[in-house]
>>> print(open('input.txt').read())   # compact mmCIF, C-alpha atoms
# COMPACT_ATOMS: atom_id res chain seq x y z
CA MET A 8 22.19 -70.36 -53.48
CA THR A 9 25.24 -69.62 -51.33
CA ILE A 10 25.33 -69.99 -47.55
CA THR A 11 28.35 -68.31 -45.99
CA PHE A 12 29.68 -68.52 -42.45
CA GLU A 13 32.37 -65.88 -41.89
CA ALA A 14 34.37 -66.48 -38.68
CA VAL A 15 31.15 -67.37 -36.86
CA THR A 16 31.19 -68.29 -33.17
CA VAL A 17 28.29 -69.16 -30.86
CA SER A 18 28.43 -69.25 -27.08
CA PHE A 19 25.83 -69.26 -24.34
CA PRO A 20 26.08 -67.81 -20.84
CA GLY A 21 27.06 -70.41 -18.21
CA ALA A 22 27.54 -70.37 -14.44
CA ASP A 23 31.32 -70.09 -14.86
CA GLY A 24 31.32 -67.74 -17.86
CA PRO A 25 30.38 -68.19 -21.55
CA VAL A 26 30.11 -71.76 -22.84
CA SER A 27 31.29 -72.10 -26.44
CA VAL A 28 29.15 -74.37 -28.63
CA LEU A 29 30.64 -73.32 -31.97
CA ALA A 30 34.28 -72.30 -32.32
CA GLU A 31 35.28 -69.86 -35.06
CA THR A 32 33.93 -71.38 -38.26
CA THR A 33 34.33 -70.22 -41.84
CA LEU A 34 32.48 -72.15 -44.55
CA THR A 35 30.88 -71.49 -47.92
CA LEU A 36 28.16 -73.97 -48.91
CA GLU A 37 27.03 -73.95 -52.53
CA GLU A 38 26.45 -77.63 -53.27
CA ARG A 39 22.90 -78.88 -53.80
CA ARG A 40 23.10 -81.39 -50.93
CA VAL A 41 25.34 -80.94 -47.93
CA ALA A 42 25.49 -83.35 -44.97
CA LEU A 43 26.49 -82.22 -41.47
CA ILE A 44 27.64 -85.20 -39.42
CA GLY A 45 29.37 -85.75 -36.09
CA PRO A 46 28.72 -86.90 -32.53
CA ASN A 47 25.98 -85.54 -30.26
CA GLY A 48 26.80 -82.06 -28.99
CA SER A 49 29.33 -81.40 -31.75
CA GLY A 50 27.64 -78.20 -32.96
CA LYS A 51 25.84 -79.55 -36.05
CA SER A 52 22.37 -78.34 -35.07
CA THR A 53 23.75 -74.98 -33.91
CA LEU A 54 25.39 -74.46 -37.31
CA ALA A 55 22.16 -75.45 -39.08
CA ARG A 56 20.02 -73.19 -36.89
CA LEU A 57 22.20 -70.19 -37.72
CA VAL A 58 21.00 -70.43 -41.32
CA ASN A 59 17.49 -69.18 -40.62
CA GLY A 60 18.12 -67.20 -37.47
CA LEU A 61 16.90 -69.71 -34.87
CA VAL A 62 20.34 -69.21 -33.29
CA THR A 63 22.20 -65.90 -33.40
CA ALA A 64 25.97 -65.74 -33.96
CA THR A 65 27.92 -64.40 -30.98
CA SER A 66 30.52 -63.06 -33.40
CA GLY A 67 31.15 -63.26 -37.13
CA ARG A 68 28.54 -63.18 -39.86
CA VAL A 69 26.14 -65.60 -41.57
CA LEU A 70 24.88 -64.78 -45.06
CA VAL A 71 22.19 -66.63 -47.01
CA ASP A 72 22.07 -65.50 -50.62
CA GLY A 73 23.70 -62.28 -49.39
CA LEU A 74 21.09 -61.75 -46.64
CA ASP A 75 21.82 -61.72 -42.91
CA PRO A 76 19.32 -63.93 -41.00
CA ASP A 77 19.39 -61.56 -38.02
CA ARG A 78 18.91 -58.36 -39.97
CA ASP A 79 16.75 -59.69 -42.83
CA GLY A 80 14.99 -62.45 -40.89
CA ARG A 81 11.69 -62.32 -42.76
CA GLU A 82 13.32 -62.52 -46.18
CA VAL A 83 15.69 -65.29 -45.11
CA ARG A 84 12.88 -67.39 -43.62
CA ARG A 85 10.95 -67.12 -46.91
CA ARG A 86 13.96 -68.70 -48.60
CA VAL A 87 14.94 -71.23 -45.91
CA GLY A 88 12.60 -73.96 -44.68
CA PHE A 89 13.50 -75.82 -41.48
CA ALA A 90 12.43 -79.35 -40.54
CA PHE A 91 12.91 -80.45 -36.93
CA THR A 92 13.73 -83.87 -35.50
CA ASP A 93 10.41 -84.15 -33.67
CA PRO A 94 7.57 -83.36 -36.07
CA ALA A 95 5.04 -83.17 -33.23
CA ALA A 96 6.45 -79.81 -32.20
CA GLN A 97 6.20 -78.53 -35.74
CA LEU A 98 2.58 -79.43 -36.41
CA VAL A 99 0.53 -76.55 -35.08
CA MET A 100 -2.98 -77.22 -36.43
CA PRO A 101 -5.38 -79.98 -35.36
CA THR A 102 -5.72 -81.76 -38.71
CA ALA A 103 -3.27 -82.56 -41.50
CA VAL A 104 -4.95 -80.47 -44.20
CA GLU A 105 -5.28 -77.47 -41.87
CA ASP A 106 -1.61 -77.64 -40.98
CA VAL A 107 -0.50 -77.56 -44.61
CA ALA A 108 -3.11 -74.88 -45.38
CA LEU A 109 -1.58 -72.70 -42.66
CA SER A 110 1.62 -72.52 -44.70
CA LEU A 111 -0.41 -71.51 -47.77
CA ARG A 112 -2.29 -68.56 -46.22
CA ARG A 113 0.04 -66.04 -47.79
CA THR A 114 -0.03 -67.49 -51.31
CA HIS A 115 -3.65 -68.73 -51.42
CA PRO A 116 -6.00 -66.15 -49.84
CA ASP A 117 -9.13 -68.00 -50.99
CA LYS A 118 -10.04 -70.66 -48.44
CA GLU A 119 -11.43 -73.29 -50.83
CA GLU A 120 -8.48 -72.90 -53.18
CA ARG A 121 -6.12 -73.15 -50.19
CA ARG A 122 -7.73 -76.38 -49.02
CA ARG A 123 -7.54 -77.90 -52.50
CA ALA A 124 -3.87 -76.92 -52.80
CA ALA A 125 -3.15 -78.39 -49.36
CA LEU A 126 -4.90 -81.67 -50.28
CA ASP A 127 -2.89 -81.82 -53.54
CA LEU A 128 0.35 -81.41 -51.60
CA LEU A 129 -0.73 -84.15 -49.17
CA ASP A 130 -1.44 -86.46 -52.13
CA GLN A 131 2.01 -85.74 -53.58
CA ALA A 132 3.61 -86.53 -50.22
CA GLY A 133 1.90 -89.92 -50.05
CA LEU A 134 -0.62 -88.79 -47.43
CA ALA A 135 -3.74 -89.06 -49.61
CA GLY A 136 -6.92 -89.59 -47.62
CA LEU A 137 -5.41 -88.36 -44.35
CA GLY A 138 -6.31 -84.68 -44.75
CA ASP A 139 -9.04 -84.64 -42.11
CA ARG A 140 -7.15 -86.97 -39.75
CA SER A 141 -6.02 -85.42 -36.44
CA VAL A 142 -2.24 -84.87 -36.53
CA HIS A 143 -2.32 -86.61 -33.19
CA ALA A 144 -3.61 -89.83 -34.74
CA LEU A 145 -0.88 -90.08 -37.41
CA SER A 146 2.08 -92.46 -37.16
CA GLY A 147 5.60 -91.10 -36.59
CA GLY A 148 6.48 -91.45 -40.26
CA GLN A 149 3.24 -89.79 -41.38
CA ARG A 150 3.84 -86.92 -38.96
CA GLN A 151 7.35 -86.34 -40.31
CA LEU A 152 6.06 -86.45 -43.91
CA LEU A 153 3.34 -83.97 -42.94
CA ALA A 154 5.82 -81.67 -41.19
CA LEU A 155 8.03 -81.68 -44.28
CA THR A 156 5.00 -81.03 -46.50
CA GLY A 157 4.08 -78.04 -44.34
CA VAL A 158 7.58 -76.63 -44.66
CA LEU A 159 7.82 -77.29 -48.41
CA ALA A 160 4.40 -75.67 -48.95
CA THR A 161 6.06 -72.31 -48.31
CA ASN A 162 8.23 -73.07 -51.38
CA PRO A 163 11.65 -72.42 -49.83
CA THR A 164 14.80 -72.50 -51.97
CA ILE A 165 16.83 -74.12 -49.18
CA LEU A 166 15.65 -76.87 -46.84
CA VAL A 167 17.49 -77.37 -43.56
CA ALA A 168 16.58 -80.75 -42.05
CA ASP A 169 17.79 -81.40 -38.50
CA GLU A 170 17.94 -85.19 -37.99
CA PRO A 171 14.61 -85.78 -39.76
CA THR A 172 14.90 -89.58 -39.62
CA THR A 173 16.22 -90.07 -36.08
CA LEU A 174 12.82 -91.05 -34.63
CA LEU A 175 11.75 -93.23 -37.56
CA ASP A 176 11.86 -96.93 -38.44
CA LEU A 177 13.59 -98.24 -41.55
CA ALA A 178 10.59 -98.03 -43.90
CA ASN A 179 9.74 -94.48 -42.88
CA THR A 180 13.41 -93.46 -43.07
CA ARG A 181 13.36 -94.62 -46.69
CA ARG A 182 10.17 -92.65 -47.41
CA ILE A 183 11.63 -89.46 -45.92
CA ALA A 184 14.96 -90.02 -47.69
CA ASP A 185 13.19 -90.50 -51.04
CA LEU A 186 11.31 -87.26 -50.46
CA LEU A 187 14.40 -85.29 -49.42
CA PHE A 188 16.61 -86.56 -52.23
CA GLY A 189 13.86 -86.01 -54.80
CA LEU A 190 13.64 -82.32 -54.00
CA GLU A 191 14.87 -79.62 -56.32
CA GLN A 192 15.71 -77.43 -53.33
CA GLN A 193 19.18 -77.10 -51.89
CA LEU A 194 19.39 -79.42 -48.88
CA LEU A 195 21.41 -78.96 -45.69
CA LEU A 196 21.00 -82.27 -43.86
CA VAL A 197 22.02 -82.78 -40.23
CA THR A 198 22.06 -86.52 -39.70
CA HIS A 199 23.40 -89.53 -37.81
CA ASP A 200 22.35 -91.76 -40.70
CA LEU A 201 25.64 -92.21 -42.54
CA GLY A 202 23.89 -93.90 -45.47
CA LEU A 203 21.92 -90.71 -46.06
CA ALA A 204 25.02 -88.57 -45.55
CA GLU A 205 26.88 -90.54 -48.23
CA ARG A 206 24.20 -89.65 -50.79
CA CYS A 207 25.01 -85.93 -50.42
CA ASP A 208 27.45 -83.97 -52.60
CA ARG A 209 29.52 -82.70 -49.71
CA GLY A 210 30.09 -83.74 -46.12
CA VAL A 211 31.11 -81.58 -43.17
CA VAL A 212 32.22 -83.46 -40.05
CA MET A 213 32.01 -81.61 -36.74
CA ASP A 214 33.41 -82.42 -33.32
CA GLU A 215 33.42 -80.34 -30.12
CA GLY A 216 32.12 -77.25 -31.92
CA ARG A 217 34.66 -77.35 -34.76
CA VAL A 218 34.71 -78.46 -38.37
CA VAL A 219 37.21 -81.35 -38.39
CA PHE A 220 36.70 -82.51 -41.99
CA ASP A 221 35.15 -80.92 -45.06
CA GLY A 222 35.06 -82.63 -48.46
CA PRO A 223 33.18 -85.13 -50.63
CA ALA A 224 30.45 -86.86 -48.63
CA ALA A 225 31.89 -90.38 -48.96
CA GLU A 226 35.27 -89.20 -47.66
CA ALA A 227 33.61 -87.27 -44.83
CA VAL A 228 31.71 -90.39 -43.76
CA ALA A 229 34.90 -92.47 -43.94
CA HIS A 230 36.72 -89.86 -41.82
CA TYR A 231 33.92 -89.88 -39.24
CA ARG A 232 33.86 -93.71 -39.10
CA ALA A 233 37.62 -93.79 -38.60
CA THR A 234 37.66 -91.22 -35.81
CA ALA A 235 34.41 -91.93 -33.93
CA MET B 6 -5.67 -89.41 -26.41
CA SER B 7 -8.26 -88.47 -23.79
CA ALA B 8 -8.80 -84.89 -24.84
CA LEU B 9 -8.92 -85.49 -28.57
CA LEU B 10 -12.45 -84.32 -29.07
CA LEU B 11 -11.81 -80.70 -28.18
CA GLY B 12 -9.29 -80.45 -30.98
CA LEU B 13 -11.02 -82.59 -33.61
CA HIS B 14 -13.39 -81.61 -36.37
CA ARG B 15 -15.70 -84.29 -37.78
CA PRO B 16 -16.78 -83.50 -41.34
CA GLY B 17 -20.53 -83.67 -42.03
CA SER B 18 -23.41 -82.02 -43.84
CA THR B 19 -25.88 -81.22 -41.02
CA LEU B 20 -27.23 -77.72 -40.48
CA LEU B 21 -24.73 -77.41 -37.62
CA HIS B 22 -21.88 -78.09 -40.06
CA ARG B 23 -23.27 -75.63 -42.62
CA LEU B 24 -23.75 -72.72 -40.20
CA PRO B 25 -20.97 -70.10 -40.55
CA ALA B 26 -18.24 -70.38 -37.90
CA GLY B 27 -18.83 -66.80 -36.73
CA ALA B 28 -22.53 -67.48 -36.18
CA LYS B 29 -21.73 -70.63 -34.18
CA LEU B 30 -19.24 -68.80 -31.98
CA LEU B 31 -21.77 -66.02 -31.34
CA LEU B 32 -24.48 -68.57 -30.52
CA LEU B 33 -22.06 -70.34 -28.19
CA ALA B 34 -21.30 -67.07 -26.40
CA ALA B 35 -25.02 -66.22 -26.15
CA ALA B 36 -25.91 -69.71 -24.90
CA SER B 37 -23.13 -69.62 -22.31
CA ILE B 38 -24.37 -66.26 -20.98
CA LEU B 39 -27.93 -67.60 -20.89
CA ILE B 40 -26.84 -70.74 -19.02
CA ALA B 41 -24.94 -68.64 -16.48
CA VAL B 42 -27.78 -66.13 -15.99
CA VAL B 43 -30.74 -68.52 -15.71
CA ARG B 44 -30.78 -69.86 -12.16
CA GLY B 45 -31.76 -73.29 -10.89
CA PRO B 46 -30.47 -76.86 -11.35
CA ALA B 47 -33.35 -77.88 -13.64
CA SER B 48 -32.46 -75.35 -16.36
CA ALA B 49 -28.76 -76.34 -16.16
CA TRP B 50 -29.53 -80.01 -16.77
CA VAL B 51 -32.00 -79.17 -19.54
CA ALA B 52 -29.06 -77.34 -21.18
CA VAL B 53 -26.91 -80.47 -20.73
CA ALA B 54 -29.61 -82.58 -22.39
CA VAL B 55 -29.86 -80.11 -25.29
CA ALA B 56 -26.07 -80.11 -25.72
CA ILE B 57 -26.00 -83.94 -25.77
CA GLY B 58 -28.74 -83.88 -28.40
CA LEU B 59 -26.75 -81.44 -30.52
CA LEU B 60 -23.63 -83.60 -30.18
CA ALA B 61 -25.57 -86.63 -31.40
CA TRP B 62 -26.97 -84.60 -34.30
CA ALA B 63 -23.42 -83.45 -35.17
CA GLY B 64 -22.38 -87.09 -35.50
CA ALA B 65 -19.97 -87.17 -32.56
CA ASP B 66 -18.95 -90.71 -31.60
CA PRO B 67 -20.49 -91.37 -28.13
CA ARG B 68 -17.56 -93.56 -26.96
CA THR B 69 -14.96 -90.97 -27.98
CA THR B 70 -17.05 -88.22 -26.39
CA VAL B 71 -17.30 -90.00 -23.06
CA ARG B 72 -13.58 -90.88 -23.14
CA SER B 73 -12.62 -87.30 -23.95
CA LEU B 74 -14.65 -85.98 -21.03
CA ARG B 75 -13.12 -88.28 -18.40
CA GLY B 76 -10.69 -85.62 -17.19
CA LEU B 77 -13.45 -83.02 -17.01
CA MET B 78 -15.63 -85.46 -15.04
CA ILE B 79 -12.98 -85.68 -12.33
CA VAL B 80 -12.87 -81.88 -12.10
CA LEU B 81 -16.68 -81.73 -11.99
CA VAL B 82 -16.89 -84.32 -9.21
CA VAL B 83 -14.32 -82.43 -7.11
CA LEU B 84 -16.10 -79.14 -7.83
CA GLY B 85 -19.45 -80.71 -7.03
CA VAL B 86 -18.29 -82.09 -3.66
CA PHE B 87 -16.78 -78.73 -2.78
CA GLN B 88 -19.99 -76.91 -3.76
CA VAL B 89 -22.17 -79.32 -1.77
CA TRP B 90 -19.99 -78.60 1.25
CA GLN B 91 -19.95 -74.83 0.66
CA ALA B 92 -23.38 -74.07 -0.80
CA GLY B 93 -25.61 -77.14 -0.66
CA TRP B 94 -26.98 -79.68 -3.13
CA ALA B 95 -29.08 -77.38 -5.29
CA LEU B 96 -26.32 -74.91 -6.08
CA ALA B 97 -23.79 -77.74 -6.59
CA PHE B 98 -26.07 -79.39 -9.18
CA GLU B 99 -26.65 -76.05 -10.89
CA ARG B 100 -22.97 -75.10 -11.17
CA VAL B 101 -21.77 -78.53 -12.27
CA GLY B 102 -24.59 -78.69 -14.81
CA ASP B 103 -23.82 -75.19 -16.12
CA LEU B 104 -20.15 -76.01 -16.61
CA LEU B 105 -20.85 -79.37 -18.28
CA ALA B 106 -23.41 -77.80 -20.64
CA MET B 107 -20.96 -75.07 -21.70
CA VAL B 108 -18.17 -77.57 -22.38
CA LEU B 109 -20.51 -79.84 -24.37
CA LEU B 110 -21.78 -76.91 -26.44
CA ALA B 111 -18.19 -75.81 -27.12
CA THR B 112 -17.48 -79.39 -28.20
CA VAL B 113 -20.42 -79.18 -30.63
CA VAL B 114 -18.77 -76.11 -32.20
CA THR B 115 -15.31 -77.72 -32.51
CA THR B 116 -16.81 -80.97 -33.80
CA THR B 117 -18.75 -79.24 -36.59
CA THR B 118 -16.29 -76.46 -37.53
CA PRO B 119 -12.87 -76.78 -39.20
CA VAL B 120 -10.28 -74.78 -37.28
CA ASP B 121 -9.46 -72.91 -40.48
CA ASP B 122 -13.06 -71.56 -40.54
CA MET B 123 -12.82 -70.48 -36.90
CA VAL B 124 -9.51 -68.77 -37.59
CA ASP B 125 -11.05 -66.88 -40.53
CA ALA B 126 -14.06 -65.88 -38.41
CA LEU B 127 -11.77 -64.61 -35.65
CA VAL B 128 -9.64 -62.64 -38.11
CA ARG B 129 -12.78 -60.99 -39.53
CA ALA B 130 -14.14 -60.20 -36.06
CA LEU B 131 -10.88 -58.69 -34.85
CA ARG B 132 -10.09 -56.68 -37.99
CA PRO B 133 -11.80 -53.48 -36.68
CA LEU B 134 -9.41 -53.57 -33.71
CA ARG B 135 -6.31 -53.34 -35.93
CA PRO B 136 -6.00 -49.52 -35.46
CA LEU B 137 -5.75 -50.20 -31.70
CA GLY B 138 -2.65 -52.35 -32.26
CA VAL B 139 -4.39 -55.76 -32.29
CA ASN B 140 -2.94 -58.19 -34.87
CA PRO B 141 -5.95 -60.37 -35.85
CA GLU B 142 -3.81 -63.03 -37.58
CA ALA B 143 -1.61 -63.41 -34.49
CA VAL B 144 -4.64 -63.75 -32.18
CA ALA B 145 -6.21 -66.29 -34.54
CA LEU B 146 -3.00 -68.30 -34.70
CA ALA B 147 -2.79 -68.30 -30.88
CA PHE B 148 -6.35 -69.65 -30.83
CA SER B 149 -5.42 -72.49 -33.22
CA LEU B 150 -2.36 -73.30 -31.13
CA MET B 151 -4.52 -73.49 -28.01
CA LEU B 152 -6.80 -76.06 -29.67
CA ARG B 153 -3.79 -78.05 -30.91
CA ALA B 154 -2.20 -77.91 -27.45
CA ILE B 155 -5.08 -79.71 -25.72
CA PRO B 156 -4.40 -83.20 -27.13
CA ALA B 157 -0.64 -82.56 -27.12
CA VAL B 158 -0.60 -81.82 -23.38
CA ALA B 159 -2.87 -84.81 -22.74
CA GLU B 160 -0.39 -87.04 -24.59
CA ILE B 161 2.55 -85.69 -22.55
CA ALA B 162 0.56 -86.20 -19.33
CA GLU B 163 -0.15 -89.82 -20.29
CA GLU B 164 3.53 -90.44 -21.12
CA ALA B 165 4.56 -88.89 -17.78
CA ARG B 166 2.04 -91.14 -15.99
CA GLN B 167 3.33 -94.25 -17.75
CA ALA B 168 6.93 -93.30 -16.96
CA ALA B 169 6.01 -92.87 -13.28
CA VAL B 170 4.21 -96.24 -13.24
CA ALA B 171 7.21 -97.93 -14.90
CA ARG B 172 9.42 -96.69 -12.05
CA GLY B 173 6.91 -97.73 -9.39
CA LEU B 174 6.10 -94.09 -8.60
CA GLU B 175 2.45 -94.07 -9.65
CA ARG B 176 1.39 -92.56 -6.30
CA SER B 177 3.93 -89.74 -6.44
CA PRO B 178 2.43 -86.45 -7.72
CA ARG B 179 5.96 -85.06 -8.09
CA ALA B 180 7.03 -87.90 -10.40
CA ARG B 181 4.06 -87.13 -12.66
CA LEU B 182 3.86 -83.33 -12.46
CA THR B 183 7.56 -82.39 -12.71
CA PRO B 184 8.21 -84.06 -16.10
CA LEU B 185 4.81 -82.86 -17.31
CA VAL B 186 5.60 -79.20 -16.57
CA ILE B 187 9.16 -79.41 -17.95
CA ARG B 188 8.05 -81.14 -21.14
CA VAL B 189 5.10 -78.80 -21.72
CA VAL B 190 7.42 -75.77 -21.41
CA ALA B 191 9.98 -77.45 -23.71
CA ARG B 192 7.22 -78.25 -26.23
CA ALA B 193 6.02 -74.62 -26.11
CA ARG B 194 9.56 -73.46 -26.82
CA LEU B 195 9.93 -75.89 -29.75
CA THR B 196 6.57 -74.83 -31.14
CA GLY B 197 7.71 -71.21 -31.00
CA GLU B 198 10.85 -72.14 -32.91
CA ALA B 199 8.79 -74.07 -35.47
CA LEU B 200 6.48 -71.08 -36.03
CA HIS B 201 9.54 -68.89 -36.38
CA ALA B 202 11.09 -71.32 -38.86
CA ARG B 203 7.94 -71.43 -40.99
CA GLY B 204 7.88 -67.63 -41.06
CA LEU B 205 4.52 -67.61 -39.26
CA ALA B 206 5.84 -65.44 -36.44
CA ASP B 207 6.72 -62.70 -38.95
CA ASP B 208 3.12 -61.79 -39.91
>>> encode(input="input.txt", output="structure tokens")
Amino acid sequence: MTITFEAVTVSFPGADGPVSVLAETTLTLEERRVALIGPNGSGKSTLARLVNGLVTATSGRVLVDGLDPDRDGREVRRRVGFAFTDPAAQLVMPTAVEDVALSLRRTHPDKEERRRAALDLLDQAGLAGLGDRSVHALSGGQRQLLALTGVLATNPTILVADEPTTLLDLANTRRIADLLFGLEQQLLLVTHDLGLAERCDRGVVMDEGRVVFDGPAAEAVAHYRATA
Amino acid sequence: MSALLLGLHRPGSTLLHRLPAGAKLLLLAAASILIAVVRGPASAWVAVAVAIGLLAWAGADPRTTVRSLRGLMIVLVVLGVFQVWQAGWALAFERVGDLLAMVLLATVVTTTTPVDDMVDALVRALRPLRPLGVNPEAVALAFSLMLRAIPAVAEIAEEARQAAVARGLERSPRARLTPLVIRVVARARLTGEALHARGLADD
């Protein structure tokens, strides 16, 4: 699937006039795994959020498989799943199985069937036996796995993951990485973990709202290391 | 973790667990009206005793129940003192008892009913109102979010308290309330974005 940014800019109103967070950016992303890297406040998350309409372009155009996230929001969101840094904000139901089942309401109208499907997905994610556990009582790694499971339950064709391992320890980072890199979906990964970024097919380095390097992931990481 | 109970279902096979969610919600509404209408402290505390019995039958863990009601107890004590001052002992006992009984009965419902069942019951109940512009799925989702928000806000409040203590500001209401309000609003905003991202705000 092709994600296109055509001369896209994003700015927000400020006390002394508009504050630019993304300078004019033109990109076409077709690779299966793309890493967005760069310092804090460089515009990575803004670029990622444009893909499913969480942020609206001030000028220019974003297209996902030919669809505009602003105009065709519902259709785009069925194609694009989004995983946030803090899974706690993403988990909206009291227990793990109910949260995954919420994502399955459209595809599984029968309640029992929906619960079984949700439990199956939890098993596949390595969360077997935790279905009836309060999301509140899960560890950070389990919460992130659950949040990703809830997103993937909607069967998106693209997954945008915004720093999904930032809050996790080494073991849980590995679990999330194994899950992400085992997916068949196209992955747009915003990350500070350069090891993860290097595993992608393409790397885009951002700084001060601009793309400053775009190429093979290993070269992008090397560029970022050299300039950071 | 103090308010966990209100958002936590405990699986079981008692009659309370097997009753349909809609029936339980109707019984809860009827019982609440009855508790409010019947006057006198004795009836209020009989209702409390019945609710405690139902909680035990539902398999609720007594320690967790007591811990989860600590915050409510503080409110009840303050309310009770105010009522004693304003209306006397009898009315204070009645009102505190009424409120406690209603909360305990509501806890029986949430303990014995998966949220998914309550959501389905709400959607069914609200479906006739669709021609009037009511979106049953949206109302049901808001209900689920409310239940989920209870422990989430409690966790933020505890973190804000610990942060205040760490800075030696444990006696400052501003040091505890300001971060609590800001973080609750920020969490609400993030939750809205998450719903949007999962396509749940489109239905």
>>> interface_residues(input="input.txt", of="chain A", to="chain B", cutoff="7 Å", atoms="only C-alpha atoms", output="VMD selection string")
chain A and resid 59 61 81 84 to 85 88 to 89 96 to 97 99 to 101 105 141 158
>>> residues_around(input="input.txt", residues="range 164-168 of chain B", least_positions_apart="5", cutoff="8 Å", atoms="all atoms listed in the file", output="VMD selection string")
chain B and resid 175 180 to 182 184 to 185
>>> write_last_selection(input="input.txt", atoms="C-alpha atoms", output="PDB file, in the frame of the given file")
ATOM      1  CA  GLU B 175       2.450 -94.070  -9.650  1.00  0.00           C
ATOM      2  CA  ALA B 180       7.030 -87.900 -10.400  1.00  0.00           C
ATOM      3  CA  ARG B 181       4.060 -87.130 -12.660  1.00  0.00           C
ATOM      4  CA  LEU B 182       3.860 -83.330 -12.460  1.00  0.00           C
ATOM      5  CA  PRO B 184       8.210 -84.060 -16.100  1.00  0.00           C
ATOM      6  CA  LEU B 185       4.810 -82.860 -17.310  1.00  0.00           C
TER       7      LEU B 185
END
>>> residues_around(input="input.txt", residues="Asp176 in chain A", least_positions_apart="6", cutoff="12 Å", atoms="all atoms listed in the file", output="JSON, numbers by chain")
{"A": [146, 147, 148, 149, 151, 182, 183, 184, 200]}
>>> closest_residue(input="input.txt", among="A:Asp75, A:Asp208, A:Ala30, A:Ala125", to="Asp221 in chain A", atoms="all atoms listed in the file")
A:Asp208
>>> closest_residue(input="input.txt", among="B:Val114, B:Ala28, B:Phe98, B:Asp103", to="Val43 in chain B", atoms="all atoms listed in the file")
B:Asp103
>>> residues_around(input="input.txt", residues="Asn47 in chain A", least_positions_apart="2", cutoff="9 Å", atoms="all atoms listed in the file", output="number ranges by chain")
A: 45, 49-51, 199, 214
>>> write_last_selection(input="input.txt", atoms="C-alpha atoms", output="PDB file, in the frame of the given file")
ATOM      1  CA  GLY A  45      29.370 -85.750 -36.090  1.00  0.00           C
ATOM      2  CA  SER A  49      29.330 -81.400 -31.750  1.00  0.00           C
ATOM      3  CA  GLY A  50      27.640 -78.200 -32.960  1.00  0.00           C
ATOM      4  CA  LYS A  51      25.840 -79.550 -36.050  1.00  0.00           C
ATOM      5  CA  HIS A 199      23.400 -89.530 -37.810  1.00  0.00           C
ATOM      6  CA  ASP A 214      33.410 -82.420 -33.320  1.00  0.00           C
TER       7      ASP A 214
END
>>> atom_distance(input="input.txt", atom1="CA of Ala168 in chain A", atom2="CA of Thr198 in chain A")
8.3 Å
>>> atom_distance(input="input.txt", atom1="CA of Arg122 in chain A", atom2="CA of Glu142 in chain B")
18.0 Å
>>> atom_distance(input="input.txt", atom1="CA of Leu29 in chain A", atom2="CA of Arg86 in chain A")
24.0 Å
>>> residues_near_point(input="input.txt", point="(0.6, -83.7, -47.5)", cutoff="8 Å", atoms="all atoms listed in the file", output="ChimeraX atom specification")
/A:103-104,107,125-135,138,152-153,156-157
>>> residues_around(input="input.txt", residues="Pro223 in chain A", least_positions_apart="4", cutoff="7 Å", atoms="all atoms listed in the file", output="PyMOL selection string")
chain A and resi 208-210+227
>>> closest_residue(input="input.txt", among="A:Leu177, A:Met8, A:Val197, A:Leu36", to="Ala90 in chain A", atoms="all atoms listed in the file")
A:Val197
>>> axis_aligned_box(input="input.txt", around="range 104-109 of chain A", padding_each_side="8 Å", output="JSON")
{"center_x": -2.9, "center_y": -76.6, "center_z": -43.2, "size_x": 20.8, "size_y": 23.8, "size_z": 20.4}
